[in-house]
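Asker: Take a look at this one; I'll ask things after.
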Amino acid sequence: MTRPDPHLELVRPVTPRTPQGCEECLRIGSPWVHLRLCLTCGHVGCCDSSPNKHAGLHAGEAGHPIAQSFEPGEDWRWCYVHQAMV
């Protein structure tokens, strides 16, 4: 039996801070591919397929490892520490 990811304890009810797109890309005028929502603070960042990879950078810098897809129709979650779906 697989144990639940211990980082799930950091998940909180959040409101997307920039529902219109990646927070940093909007600021610098950069494009993105897909969006991820930090489930600790509501940061919206771009995925690792995007040029700037802001979601992953946020996870490492802020210590907020769990993000959820912020794409319509998707509801999966990812742990950046364990590099696995949760």
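Just remember, in the structure tokens the first chain shown is A, the second B, etc., residues are 1-based per chain, and ligands are 1-based in the order shown.
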Which residues come within 12 Å of Gly45 of chain A, counting only C-alpha atoms, excluding same-chain residues fewer than 4 positions away, as a PyMOL selection string?

Answerer: chain A and resi 16-27+30-39+41+49-59+67-71

Asker: Pick out the residues sitting within 7 Å of Pro65 of chain A, and hand them over as JSON, numbers by chain; count only C-alpha atoms, and ignore anything fewer than 4 positions along from it in its own chain.

Answerer: {"A": [7, 59, 79, 80, 81]}

Asker: Residues as selected, N, CA and C atoms, written as an mmCIF file, in the first residue's frame, can you do that?

Answerer:
```cif
data_model
loop_
_atom_site.group_PDB
_atom_site.id
_atom_site.type_symbol
_atom_site.label_atom_id
_atom_site.label_comp_id
_atom_site.auth_asym_id
_atom_site.auth_seq_id
_atom_site.Cartn_x
_atom_site.Cartn_y
_atom_site.Cartn_z
ATOM 1 N N HIS A 7 3.419 16.003 1.938
ATOM 2 C CA HIS A 7 3.260 17.416 1.580
ATOM 3 C C HIS A 7 1.805 17.823 1.403
ATOM 4 N N ALA A 59 7.439 26.708 -6.373
ATOM 5 C CA ALA A 59 7.411 25.571 -5.443
ATOM 6 C C ALA A 59 8.722 25.480 -4.667
ATOM 7 N N CYS A 79 3.220 16.874 -6.881
ATOM 8 C CA CYS A 79 4.175 17.231 -5.830
ATOM 9 C C CYS A 79 5.526 17.465 -6.492
ATOM 10 N N TYR A 80 6.029 18.698 -6.417
ATOM 11 C CA TYR A 80 7.315 19.021 -7.017
ATOM 12 C C TYR A 80 8.477 18.372 -6.273
ATOM 13 N N VAL A 81 8.332 18.122 -4.982
ATOM 14 C CA VAL A 81 9.407 17.482 -4.222
ATOM 15 C C VAL A 81 9.584 16.032 -4.649
#
```

Asker: Just want the 12 Å neighbourhood of Pro4 of chain A, counted on only C-alpha atoms, with same-chain residues fewer than 6 positions away dropped. Output as a list of chain:residue names.

Answerer: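 My reading of the contact set: A:Cys79, A:His82, A:Ala84, A:Met85, A:Val86.
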
Asker: Output all heavy atoms of each residue in that selection to a file, as a JSON list (two decimals), in the first residue's frame.

Answerer:
```json
[["chain", "number", "residue", "atom", "x", "y", "z"],
["A", 79, "CYS", "N", 3.22, 16.87, -6.88],
["A", 79, "CYS", "CA", 4.18, 17.23, -5.83],
["A", 79, "CYS", "C", 5.53, 17.47, -6.49],
["A", 79, "CYS", "O", 6.11, 16.54, -7.08],
["A", 79, "CYS", "CB", 4.29, 16.12, -4.78],
["A", 79, "CYS", "SG", 5.52, 16.50, -3.51],
["A", 82, "HIS", "N", 8.48, 15.30, -4.72],
["A", 82, "HIS", "CA", 8.55, 13.87, -5.07],
["A", 82, "HIS", "C", 8.42, 13.62, -6.57],
["A", 82, "HIS", "O", 8.52, 12.47, -7.00],
["A", 82, "HIS", "CB", 7.46, 13.11, -4.31],
["A", 82, "HIS", "CG", 7.71, 13.07, -2.85],
["A", 82, "HIS", "ND1", 6.92, 13.75, -1.96],
["A", 82, "HIS", "CD2", 8.68, 12.47, -2.13],
["A", 82, "HIS", "CE1", 7.40, 13.55, -0.74],
["A", 82, "HIS", "NE2", 8.46, 12.78, -0.82],
["A", 84, "ALA", "N", 5.80, 13.58, -8.46],
["A", 84, "ALA", "CA", 4.77, 12.55, -8.62],
["A", 84, "ALA", "C", 3.38, 13.16, -8.47],
["A", 84, "ALA", "O", 3.19, 14.16, -7.79],
["A", 84, "ALA", "CB", 4.97, 11.46, -7.57],
["A", 85, "MET", "N", 2.41, 12.50, -9.10],
["A", 85, "MET", "CA", 1.01, 12.87, -8.93],
["A", 85, "MET", "C", 0.59, 12.53, -7.51],
["A", 85, "MET", "O", 1.04, 11.53, -6.96],
["A", 85, "MET", "CB", 0.14, 12.10, -9.92],
["A", 85, "MET", "CG", 0.51, 12.33, -11.37],
["A", 85, "MET", "SD", -0.01, 13.91, -11.97],
["A", 85, "MET", "CE", -1.57, 13.51, -12.65],
["A", 86, "VAL", "N", -0.27, 13.37, -6.95],
["A", 86, "VAL", "CA", -0.79, 13.10, -5.59],
["A", 86, "VAL", "C", -2.30, 13.23, -5.59],
["A", 86, "VAL", "O", -2.89, 13.86, -6.42],
["A", 86, "VAL", "CB", -0.16, 14.04, -4.54],
["A", 86, "VAL", "CG1", 1.31, 13.73, -4.38],
["A", 86, "VAL", "CG2", -0.37, 15.49, -4.86]]
```

Asker: Suppose you want the space between atom CA of Val14 of chain A and atom CA of Gly42 of chain A; what is it in Å?

Answerer: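 Atom CA of Val14 of chain A sits 5.0 Å away from atom CA of Gly42 of chain A.
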
Asker: Residues of chain A in strand (DSSP E or B) according to DSSP, as a PyMOL selection string?

Answerer: chain A and resi 35-38+44-46+66-69+77-79+84-85

Asker: Which residue gives the smallest distance to Asp48 of chain A among A:Thr15, A:Pro72, A:Gln83, A:Ile28, with only C-alpha atoms counted?

Answerer: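 Nearest to Asp48 of chain A: A:Gln83.
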
Asker: Please compute the atom CA of Gly29 of chain A-atom CA of Arg12 of chain A distance, one decimal, in Å.

Answerer: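 According to the coordinates, atom CA of Gly29 of chain A and atom CA of Arg12 of chain A are separated by 29.1 Å.
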
Asker: Just asking: which residues within chain A are helix (DSSP H, G or I) according to DSSP, as a list in words?

Answerer: Pro6, His7, Leu8, Glu9, Leu10, Glu23, Glu24, Cys25, Leu26, Arg27, Ile28, His54, Ala55, Gly56, Leu57, His58, Ala59, Gly60, Glu61 and Ala62 of chain A
